2 protein chains.
Amino acid sequence: MATFHARPFVVETSHHLPDPCGLCDVRPFSVCSAIEDRDLPRLAALAHPFTVEPGRAFITEGDPADNFFNVTSGTAKLFKMLPDGRRQITGFAGMGHFLGLAVSSTYAFGAEAVDTMRICRFSRPRLRALIEDFPALERRLLEAASNELVVAQEQMLLLGRKTARERLASFLIARADGQTLGPSGCVHIARSGRVRLPMTRTDIADYLGLTIETVSRTLTRLRAERLIEIPTPAEIVLRDMPALESLASGLN
Amino acid sequence: MATFHARPFVVETSHHLPDPCGLCDVRPFSVCSAIEDRDLPRLAALAHPFTVEPGRAFITEGDPADNFFNVTSGTAKLFKMLPDGRRQITGFAGMGHFLGLAVSSTYAFGAEAVDTMRICRFSRPRLRALIEDFPALERRLLEAASNELVVAQEQMLLLGRKTARERLASFLIARADGQTLGPSGCVHIARSGRVRLPMTRTDIADYLGLTIETVSRTLTRLRAERLIEIPTPAEIVLRDMPALESLASGLN
DNA sequence: CGTTGTGTTGATATTAATCAACAAGTGTGG
DNA sequence: CCACACTTGTTGATTAATATCAACACAACG
């Protein structure tokens, strides 16, 4: 069971905390208990929450990077494009995820909602002042960025060295682990044998560096071998977790 | 000319500053002018500088992550392995690069010196205190991590979607730009037409997700097409930069 | 002067991409 | 309610890119 955090912790949500924004479904920042409840209204005043419908883009690669974002619900796909249309999805950003941190005048990637999302927007120029005001934030951001880096390196291993079967197995297990790039510090949500896939086959292919045909065929083959079941295209049951894990880690 | 930083800046070295450690060749931290010169001795006391010979590993994937590191000279390769020996080099770390930041009990990658290196080692348990003492450090680390993330995403695009030719062209241009993962905040070193390759073909292959044979053949072909010259295996001259750039960006 | 490590080149195999057809589901309008 | 288009996913046949297997060239080194 892969776990890459020393001290797993859970991001607090409005499920058990008062909504600080009054507009936003969850805390605008996933800072664990680093920010005191009494500070939340002040923070919330700086957050500009908004909704994004499925399929709608909210960050365009190459546009001026004026804002940074915190996902409060739903899932986004992050991607980079080549001029001829080839696309690489670099990750899926879920609740608690930060976007647009890099010191750069333009966004290095695009972002599009997979399902309905709630997002808090913050002014990049004011980010510095925001951090001065909430020192705990900087620590949180550093942790998030460091952990994302680990995930990115794992994905490089997948893209550079794993076979199609291994990629799909890795993908399914990561989804089962809730490691979909949810709150970056938040890992080890109980593993489930049932994986929901809100994204299309095209998205999965662009994430794994494959074609949709190869994704489809590989899933079919994994089903034939009784490693998974596919009740609906958007839902997959992991039947033989040990086999999938050894596949994902490059054995066999 | 690709540049992804809003405000390029240069890491200061002992070339024009006194050696703070007395042991270490350059400032133990690449913090620009964030840390005052008078604070350097205090910082240097916490740095444990050491030398690593070429080919020697100084971080082992999976080992307890007790230290974090700052490269002061030389180049390291960072990599992840699969049990059967497949290897993915996730990056090359040069002067100013930070290693081992992620909140995790074990290192998620291995690191090995490409050429002779000088490295400062810092105790991870004391990192928190160190940051309290040098608040500028946290900002610097966040910037470095954010920018590395951008580089990592670019590499995912390369590994997932580019052809062998495009990968080599991207690699050569990045090296020419000095974007080899030197000081993460430090980009835009003057581009040279002459690229030094301190690493072996095996390293290049493992970095680009190819085999050594494909790397060799592709370089030979680029030479036949007059895009590059190969005076020695470790040195490549970029003859047709526009063509290489359009190749690297996925045109043609 | 052989040995070893590194890089190149050639012949062949294999994986995944491409091209193509079809099936299933969804929504629309008649 | 049912044609109809349209989207998404699956499956089959073939191709193309890269990996694999193998031989050889060359330099560094003992």
# chains A, B, ... in the order shown; residues from 1 in each chain; ligands from 1
>>> interface_residues(of="chain D", to="chain B", cutoff="10 Å", atoms="only C-alpha atoms (C1' of nucleotides)", output="ChimeraX atom specification")
/D:17-20
>>> interface_residues(of="chain B", to="chain A", cutoff="6 Å", atoms="only C-alpha atoms", output="PyMOL selection string")
chain B and resi 4-6+82+88+102-105+142+145-147+149+156-157+159-160+209+250
>>> write_last_selection(atoms="C-alpha atoms", output="PDB file, in the first residue's frame")
ATOM      1  CA  PHE B   4       8.895  30.984 -17.837  1.00  0.00           C
ATOM      2  CA  HIS B   5       9.867  33.341 -15.084  1.00  0.00           C
ATOM      3  CA  ALA B   6       8.477  36.756 -14.458  1.00  0.00           C
ATOM      4  CA  LEU B  82      11.154  -0.111 -11.103  1.00  0.00           C
ATOM      5  CA  GLN B  88      13.396   7.065 -15.112  1.00  0.00           C
ATOM      6  CA  ALA B 102       8.772  16.714   0.432  1.00  0.00           C
ATOM      7  CA  VAL B 103       6.974  15.893   3.655  1.00  0.00           C
ATOM      8  CA  SER B 104       7.614  12.191   3.636  1.00  0.00           C
ATOM      9  CA  SER B 105       9.381   9.702   5.860  1.00  0.00           C
ATOM     10  CA  LEU B 142       8.264  27.789  -2.289  1.00  0.00           C
ATOM     11  CA  ALA B 145       9.271  24.069  -5.693  1.00  0.00           C
ATOM     12  CA  SER B 146       6.681  25.914  -7.782  1.00  0.00           C
ATOM     13  CA  ASN B 147       9.090  26.394 -10.621  1.00  0.00           C
ATOM     14  CA  LEU B 149       6.627  21.815 -10.827  1.00  0.00           C
ATOM     15  CA  MET B 156       5.353  15.054 -18.685  1.00  0.00           C
ATOM     16  CA  LEU B 157       4.319  16.570 -22.007  1.00  0.00           C
ATOM     17  CA  LEU B 159       7.349  11.881 -22.095  1.00  0.00           C
ATOM     18  CA  GLY B 160       3.684  11.413 -22.865  1.00  0.00           C
ATOM     19  CA  GLY B 209      12.048   7.718 -21.790  1.00  0.00           C
ATOM     20  CA  GLY B 250       6.009  19.888 -31.855  1.00  0.00           C
TER      21      GLY B 250
END
>>> interface_residues(of="chain C", to="chain B", cutoff="10 Å", atoms="only C-alpha atoms (C1' of nucleotides)", output="list of chain:residue names")
C:DT6, C:DG7, C:DT8, C:DT9
>>> residues_around(residues="region 3-7 of chain D", least_positions_apart="4", cutoff="12 Å", atoms="only C-alpha atoms (C1' of nucleotides)", output="ChimeraX atom specification")
/A:200 /C:24-30
>>> closest_residue(among="B:Ala57, B:Glu112, B:Met95, B:Phe134", to="Leu43 (chain B)", atoms="only C-alpha atoms")
B:Phe134
>>> atom_distance(atom1="CA of Leu40 (chain B)", atom2="CA of Ala111 (chain B)")
27.0 Å
>>> closest_residue(among="A:Gly110, A:Pro231, A:Gly94, A:Pro242", to="Asn70 (chain A)", atoms="only C-alpha atoms")
A:Gly94
>>> select_by_dssp(residues="region 81-248 of chain B", states="strand (DSSP E or B)", output="PyMOL selection string")
chain B and resi 81+87-93+98-99+106+110-113+117-123+194-196+228-232+235-238
>>> select_by_dssp(residues="region 18-250 of chain A", states="helix (DSSP H, G or I)", output="JSON, numbers by chain")
{"A": [37, 38, 39, 40, 41, 42, 43, 44, 45, 46, 127, 128, 129, 130, 131, 132, 133, 135, 136, 137, 138, 139, 140, 141, 142, 143, 144, 145, 146, 147, 148, 149, 150, 151, 152, 153, 154, 155, 156, 157, 158, 159, 160, 161, 164, 165, 166, 167, 168, 169, 170, 171, 172, 173, 174, 175, 176, 201, 202, 203, 204, 205, 206, 207, 208, 212, 213, 214, 215, 216, 217, 218, 219, 220, 221, 222, 223, 224, 241, 242, 243, 244, 245, 246, 247, 248]}
>>> atom_distance(atom1="CA of Leu238 (chain B)", atom2="CA of Arg194 (chain B)")
6.3 Å
